[in-house]
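Shown below: query-v5.json, with JSON, C-alpha atoms.
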[["chain", "number", "residue", "atom", "x", "y", "z"],
["A", 1, "MET", "CA", 18.22, -47.55, 71.03],
["A", 2, "SER", "CA", 16.34, -45.44, 68.53],
["A", 3, "GLU", "CA", 12.64, -45.78, 67.79],
["A", 4, "PRO", "CA", 11.55, -47.12, 64.40],
["A", 5, "GLY", "CA", 11.57, -44.31, 61.87],
["A", 6, "LYS", "CA", 13.89, -42.15, 63.99],
["A", 7, "VAL", "CA", 17.50, -41.37, 63.17],
["A", 8, "ASN", "CA", 20.03, -42.67, 65.67],
["A", 9, "GLU", "CA", 21.39, -39.29, 66.73],
["A", 10, "VAL", "CA", 20.37, -35.77, 65.75],
["A", 11, "ILE", "CA", 22.49, -32.72, 66.46],
["A", 12, "ILE", "CA", 20.88, -29.35, 65.83],
["A", 13, "LEU", "CA", 23.40, -26.79, 64.60],
["A", 14, "SER", "CA", 22.16, -23.24, 64.59],
["A", 15, "GLY", "CA", 23.36, -19.69, 64.23],
["A", 16, "VAL", "CA", 22.18, -16.59, 62.45],
["A", 17, "SER", "CA", 23.21, -16.12, 58.82],
["A", 18, "GLY", "CA", 26.86, -15.08, 58.81],
["A", 19, "SER", "CA", 27.80, -16.81, 62.08],
["A", 20, "GLY", "CA", 29.88, -19.40, 60.23],
["A", 21, "LYS", "CA", 27.88, -22.43, 61.39],
["A", 22, "SER", "CA", 28.16, -24.32, 58.10],
["A", 23, "THR", "CA", 31.91, -23.73, 57.84],
["A", 24, "VAL", "CA", 32.49, -24.84, 61.43],
["A", 25, "ALA", "CA", 30.39, -27.99, 60.89],
["A", 26, "GLU", "CA", 32.10, -28.95, 57.63],
["A", 27, "LYS", "CA", 35.56, -28.64, 59.17],
["A", 28, "ALA", "CA", 34.57, -30.38, 62.43],
["A", 29, "THR", "CA", 33.11, -33.40, 60.63],
["A", 30, "GLU", "CA", 35.94, -34.01, 58.16],
["A", 31, "ASP", "CA", 36.98, -37.67, 58.39],
["A", 32, "THR", "CA", 33.85, -38.67, 60.32],
["A", 33, "ASP", "CA", 30.72, -40.59, 59.43],
["A", 34, "ILE", "CA", 28.51, -37.69, 60.55],
["A", 35, "LYS", "CA", 26.25, -36.41, 57.79],
["A", 36, "ILE", "CA", 25.33, -32.72, 57.58],
["A", 37, "VAL", "CA", 21.84, -31.97, 56.30],
["A", 38, "THR", "CA", 20.83, -28.35, 55.78],
["A", 39, "PHE", "CA", 17.19, -27.91, 56.77],
["A", 40, "GLY", "CA", 16.88, -24.74, 54.68],
["A", 41, "THR", "CA", 18.10, -26.52, 51.55],
["A", 42, "VAL", "CA", 15.65, -29.39, 51.98],
["A", 43, "ILE", "CA", 12.66, -27.12, 52.69],
["A", 44, "ALA", "CA", 13.66, -24.84, 49.79],
["A", 45, "GLU", "CA", 13.76, -27.79, 47.39],
["A", 46, "LEU", "CA", 10.24, -28.76, 48.46],
["A", 47, "LEU", "CA", 8.94, -25.18, 48.20],
["A", 48, "LYS", "CA", 10.59, -24.68, 44.78],
["A", 49, "ALA", "CA", 9.17, -27.96, 43.48],
["A", 50, "ASP", "CA", 5.69, -26.67, 44.34],
["A", 51, "GLY", "CA", 6.35, -23.22, 42.81],
["A", 52, "LEU", "CA", 6.19, -21.20, 46.03],
["A", 53, "ILE", "CA", 9.72, -19.74, 45.76],
["A", 54, "GLU", "CA", 12.48, -19.41, 43.19],
["A", 55, "ASN", "CA", 15.43, -19.42, 45.59],
["A", 56, "ARG", "CA", 16.12, -20.26, 49.21],
["A", 57, "ASP", "CA", 16.55, -16.67, 50.35],
["A", 58, "GLU", "CA", 12.92, -15.91, 49.47],
["A", 59, "ILE", "CA", 11.57, -18.19, 52.22],
["A", 60, "ARG", "CA", 11.71, -15.52, 54.96],
["A", 61, "ALA", "CA", 10.08, -12.85, 52.82],
["A", 62, "LYS", "CA", 7.55, -14.77, 50.67],
["A", 63, "VAL", "CA", 6.27, -17.88, 52.44],
["A", 64, "SER", "CA", 3.26, -17.51, 54.74],
["A", 65, "GLN", "CA", 3.43, -18.97, 58.22],
["A", 66, "ASP", "CA", 0.74, -21.54, 57.37],
["A", 67, "ASP", "CA", 2.63, -22.72, 54.29],
["A", 68, "TYR", "CA", 5.90, -22.71, 56.20],
["A", 69, "ILE", "CA", 4.47, -25.02, 58.86],
["A", 70, "VAL", "CA", 3.25, -27.47, 56.21],
["A", 71, "TYR", "CA", 6.72, -27.55, 54.63],
["A", 72, "GLN", "CA", 8.50, -27.78, 57.98],
["A", 73, "LYS", "CA", 6.54, -30.97, 58.63],
["A", 74, "LYS", "CA", 7.34, -32.33, 55.16],
["A", 75, "THR", "CA", 11.02, -31.56, 55.72],
["A", 76, "ALA", "CA", 11.01, -33.27, 59.14],
["A", 77, "GLU", "CA", 9.47, -36.37, 57.57],
["A", 78, "LYS", "CA", 12.16, -36.41, 54.91],
["A", 79, "LEU", "CA", 14.94, -35.97, 57.48],
["A", 80, "ALA", "CA", 13.44, -38.71, 59.66],
["A", 81, "GLN", "CA", 14.42, -41.15, 56.91],
["A", 82, "GLU", "CA", 18.13, -40.47, 57.53],
["A", 83, "LYS", "CA", 20.07, -43.03, 59.56],
["A", 84, "GLY", "CA", 23.17, -42.71, 61.73],
["A", 85, "ARG", "CA", 24.51, -39.48, 63.18],
["A", 86, "ILE", "CA", 23.28, -36.34, 61.45],
["A", 87, "ILE", "CA", 23.80, -32.67, 62.01],
["A", 88, "VAL", "CA", 20.76, -30.63, 61.05],
["A", 89, "ASP", "CA", 22.16, -27.25, 60.02],
["A", 90, "THR", "CA", 19.20, -24.97, 60.68],
["A", 91, "HIS", "CA", 17.88, -21.76, 62.15],
["A", 92, "LEU", "CA", 16.20, -22.06, 65.53],
["A", 93, "SER", "CA", 14.39, -18.82, 64.77],
["A", 94, "LEU", "CA", 13.66, -17.08, 61.50],
["A", 95, "MET", "CA", 13.42, -13.30, 61.49],
["A", 96, "THR", "CA", 10.63, -12.30, 59.09],
["A", 97, "PRO", "CA", 8.73, -9.08, 58.31],
["A", 98, "THR", "CA", 5.88, -10.29, 60.54],
["A", 99, "GLY", "CA", 7.97, -11.47, 63.51],
["A", 100, "PHE", "CA", 9.99, -14.52, 64.49],
["A", 101, "TYR", "CA", 9.02, -18.00, 63.29],
["A", 102, "PRO", "CA", 10.25, -20.99, 65.26],
["A", 103, "GLY", "CA", 12.67, -22.87, 63.05],
["A", 104, "PHE", "CA", 12.44, -26.05, 65.11],
["A", 105, "PRO", "CA", 8.97, -26.23, 66.68],
["A", 106, "GLN", "CA", 7.64, -29.10, 68.75],
["A", 107, "TRP", "CA", 6.36, -31.13, 65.78],
["A", 108, "ILE", "CA", 9.91, -31.27, 64.41],
["A", 109, "ILE", "CA", 11.43, -31.97, 67.81],
["A", 110, "ASP", "CA", 8.96, -34.81, 68.36],
["A", 111, "ARG", "CA", 9.80, -36.30, 64.96],
["A", 112, "LEU", "CA", 13.60, -35.95, 65.12],
["A", 113, "THR", "CA", 14.32, -35.96, 68.89],
["A", 114, "PRO", "CA", 17.63, -34.06, 68.98],
["A", 115, "ASN", "CA", 20.36, -35.11, 71.41],
["A", 116, "LEU", "CA", 22.45, -31.93, 71.24],
["A", 117, "ILE", "CA", 21.88, -28.31, 70.26],
["A", 118, "VAL", "CA", 24.92, -26.28, 69.19],
["A", 119, "ILE", "CA", 24.68, -22.55, 68.58],
["A", 120, "ILE", "CA", 27.46, -20.79, 66.70],
["A", 121, "GLU", "CA", 27.75, -17.08, 67.47],
["A", 122, "ALA", "CA", 29.92, -14.08, 66.66],
["A", 123, "THR", "CA", 29.54, -10.42, 67.47],
["A", 124, "PRO", "CA", 26.79, -8.55, 65.62],
["A", 125, "GLU", "CA", 29.47, -6.42, 63.93],
["A", 126, "GLU", "CA", 31.36, -9.49, 62.68],
["A", 127, "ILE", "CA", 28.16, -11.08, 61.39],
["A", 128, "THR", "CA", 27.06, -7.90, 59.60],
["A", 129, "ALA", "CA", 30.47, -7.61, 57.92],
["A", 130, "ARG", "CA", 30.36, -11.27, 56.83],
["A", 131, "ARG", "CA", 26.86, -10.88, 55.40],
["A", 132, "ASN", "CA", 27.92, -7.78, 53.47],
["A", 133, "ALA", "CA", 30.93, -9.63, 52.05],
["A", 134, "ASP", "CA", 28.93, -12.71, 50.97],
["A", 135, "LYS", "CA", 27.63, -11.99, 47.47],
["A", 136, "SER", "CA", 26.45, -15.59, 46.91],
["A", 137, "ARG", "CA", 23.27, -15.11, 48.95],
["A", 138, "LYS", "CA", 20.57, -12.46, 49.10],
["A", 139, "ARG", "CA", 20.73, -11.32, 52.68],
["A", 140, "GLY", "CA", 20.20, -8.08, 54.47],
["A", 141, "TYR", "CA", 16.45, -7.75, 54.24],
["A", 142, "SER", "CA", 15.47, -4.61, 56.14],
["A", 143, "PHE", "CA", 13.86, -6.73, 58.86],
["A", 144, "GLU", "CA", 17.12, -8.62, 59.53],
["A", 145, "THR", "CA", 19.17, -5.74, 60.88],
["A", 146, "ASN", "CA", 19.07, -6.53, 64.61],
["A", 147, "VAL", "CA", 21.60, -9.37, 64.83],
["A", 148, "LYS", "CA", 21.85, -9.15, 68.62],
["A", 149, "GLU", "CA", 18.09, -9.62, 69.02],
["A", 150, "HIS", "CA", 18.13, -12.54, 66.58],
["A", 151, "GLN", "CA", 20.91, -14.28, 68.52],
["A", 152, "GLU", "CA", 18.98, -13.73, 71.75],
["A", 153, "PHE", "CA", 15.90, -15.37, 70.20],
["A", 154, "ASN", "CA", 18.05, -18.32, 69.09],
["A", 155, "ARG", "CA", 19.14, -18.85, 72.69],
["A", 156, "MET", "CA", 15.55, -18.67, 73.93],
["A", 157, "TYR", "CA", 14.36, -21.11, 71.27],
["A", 158, "ALA", "CA", 17.28, -23.44, 72.06],
["A", 159, "SER", "CA", 16.22, -23.47, 75.70],
["A", 160, "VAL", "CA", 12.69, -24.48, 74.76],
["A", 161, "CYS", "CA", 13.97, -27.18, 72.38],
["A", 162, "SER", "CA", 16.19, -28.48, 75.17],
["A", 163, "VAL", "CA", 13.30, -28.67, 77.64],
["A", 164, "LEU", "CA", 11.09, -30.49, 75.11],
["A", 165, "SER", "CA", 13.73, -32.95, 73.92],
["A", 166, "GLY", "CA", 16.17, -33.33, 76.80],
["A", 167, "ALA", "CA", 19.03, -32.25, 74.50],
["A", 168, "ARG", "CA", 22.00, -30.45, 75.98],
["A", 169, "ILE", "CA", 23.00, -27.00, 74.65],
["A", 170, "LYS", "CA", 26.47, -25.79, 73.71],
["A", 171, "ILE", "CA", 27.23, -22.23, 72.58],
["A", 172, "ILE", "CA", 30.43, -21.82, 70.56],
["A", 173, "LYS", "CA", 31.98, -18.46, 69.72],
["A", 174, "ASN", "CA", 33.23, -18.10, 66.15],
["A", 175, "GLY", "CA", 34.65, -14.61, 66.10],
["A", 176, "ASP", "CA", 36.96, -13.35, 63.38],
["A", 177, "GLY", "CA", 40.21, -15.31, 63.53],
["A", 178, "GLU", "CA", 38.70, -17.94, 65.87],
["A", 179, "LEU", "CA", 37.57, -20.55, 63.33],
["A", 180, "GLU", "CA", 40.08, -23.23, 64.37],
["A", 181, "SER", "CA", 39.16, -22.78, 68.03],
["A", 182, "ALA", "CA", 35.44, -23.06, 67.19],
["A", 183, "VAL", "CA", 36.10, -26.21, 65.14],
["A", 184, "ARG", "CA", 38.08, -27.80, 68.01],
["A", 185, "GLU", "CA", 35.30, -26.97, 70.46],
["A", 186, "PHE", "CA", 32.66, -28.46, 68.16],
["A", 187, "LYS", "CA", 34.72, -31.63, 67.69],
["A", 188, "GLU", "CA", 34.88, -32.01, 71.47],
["A", 189, "VAL", "CA", 31.10, -31.93, 71.87],
["A", 190, "LEU", "CA", 30.70, -34.43, 69.02],
["A", 191, "LYS", "CA", 32.78, -37.04, 70.87]]

Go through the file and emit its structure as structure tokens.
Amino acid sequence: MSEPGKVNEVIILSGVSGSGKSTVAEKATEDTDIKIVTFGTVIAELLKADGLIENRDEIRAKVSQDDYIVYQKKTAEKLAQEKGRIIVDTHLSLMTPTGFYPGFPQWIIDRLTPNLIVIIEATPEEITARRNADKSRKRGYSFETNVKEHQEFNRMYASVCSVLSGARIKIIKNGDGELESAVREFKEVLK
């Protein structure tokens, strides 16, 4: 039974930009009642409304850590209003010019209490090629070049989130040509 003000089930879905996490989630949840909420979209809407950014891709480069924490908390409060099963499409770690920020720190974990953490990964070469091909987003800041390191930080942050929340962790490979396999694997853990 969920606590008052808590969603019934929260699944954290993470992966570095270009891993294919959103695509895997959309395909895996077709014909289900699971709602996908993108943390970055919600926080960007709040930041834009207050004039701190113009587009979502500016968060990593323009928002101070202090401001980011304030807006993480606001976003968590907004997501806590959701009911049912939700997938929070997010980044467990954000690579910035000044170091890594935790994308899902304890104050968010305490508010949302995730049940499952899923990390979508591909090889650094595949991710770099996908980022270069995606013209819809501004990616490829000079500080984002070490994909392997970023994926390692995601795993470390997932471990901490798991310890704090009791959530289990699943890592799914989404290499080139493996989308259907990744979707099947994600569907299995959602059962």

(request) Could you tell me which of A:Ala133, A:Leu46, A:Val24, A:Ile117 comes closest to Gly175 in chain A if we count only C-alpha atoms? (result) A:Val24

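By all atoms listed in the file, and with residues fewer than 2 positions from range 165-169 of chain A along its chain excluded, the set lying at most 8 Å from it is Ile109, Asp110, Thr113, Pro114, Asn115, Leu116, Ile117, Val118, Ile119, Ala158, Ser159, Cys161, Ser162, Val163 and Ile171 of chain A.
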
(request) Would you mind listing what lies within 8 Å of Ile36 in chain A as an NGL selection string, with only C-alpha atoms counted and same-chain residues fewer than 3 positions away left out? (result) :A and (25-26 or 86-89)

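Counting only C-alpha atoms and comparing A:Ala80, A:Leu52, A:Ile59, A:Val10, the residue that lies closest to Lys35 in chain A is A:Val10.
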
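Taking CA of Phe100 in chain A and CA of Thr23 in chain A as endpoints, the distance between them is 24.7 Å.
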
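Here the question is which of A:Ser19, A:Arg85, A:Asp67, A:Val42 gets nearest to Asn55 in chain A using all atoms listed in the file, and that residue is A:Val42.
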
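Proximity to Gly103 in chain A was assessed for A:Val189, A:Glu58, A:Ile43, A:Lys48 counting only C-alpha atoms; the smallest distance is recorded for A:Ile43.
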
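Candidate residues A:Ala28, A:Met95, A:Leu79, A:Val37 were compared for distance to Arg60 in chain A, and the nearest is A:Met95, using all atoms listed in the file.
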
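You will find CA of Asn132 in chain A at 13.1 Å from CA of Val147 in chain A.
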
(message) Would you pick out the contacts of Asp176 in chain A at 10 Å or less, using all atoms listed in the file, so that residues sharing its chain but fewer than 4 positions from it are not included, and give the list as a list of chain:residue names?
(response) A:Ser19, A:Gly20, A:Ala122, A:Thr123, A:Glu126, A:Ile127, A:Arg130

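Counting only C-alpha atoms, the residue from A:Pro97, A:Gly51, A:Pro102, A:Pro124 that sits nearest to Ser17 in chain A is A:Pro124.
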
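For Lys73 in chain A, the residues within 9 Å (counting all atoms listed in the file, excluding itself and residues fewer than 5 positions away along the chain) are Tyr68, Lys78, Trp107, Ile108 and Arg111 of chain A.
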
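For the pair CA of Gly40 in chain A and CA of His91 in chain A, the interatomic distance is 8.1 Å.
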
Hey, could you pull the box centre and edge lengths for range 5-24 of chain A, axis-aligned, 6 Å padding per side, all listed atoms, to one decimal in Å, as lines of an AutoDock Vina configuration file?
center_x = 22.0
center_y = -29.7
center_z = 62.3
size_x = 32.9
size_y = 41.2
size_z = 20.9
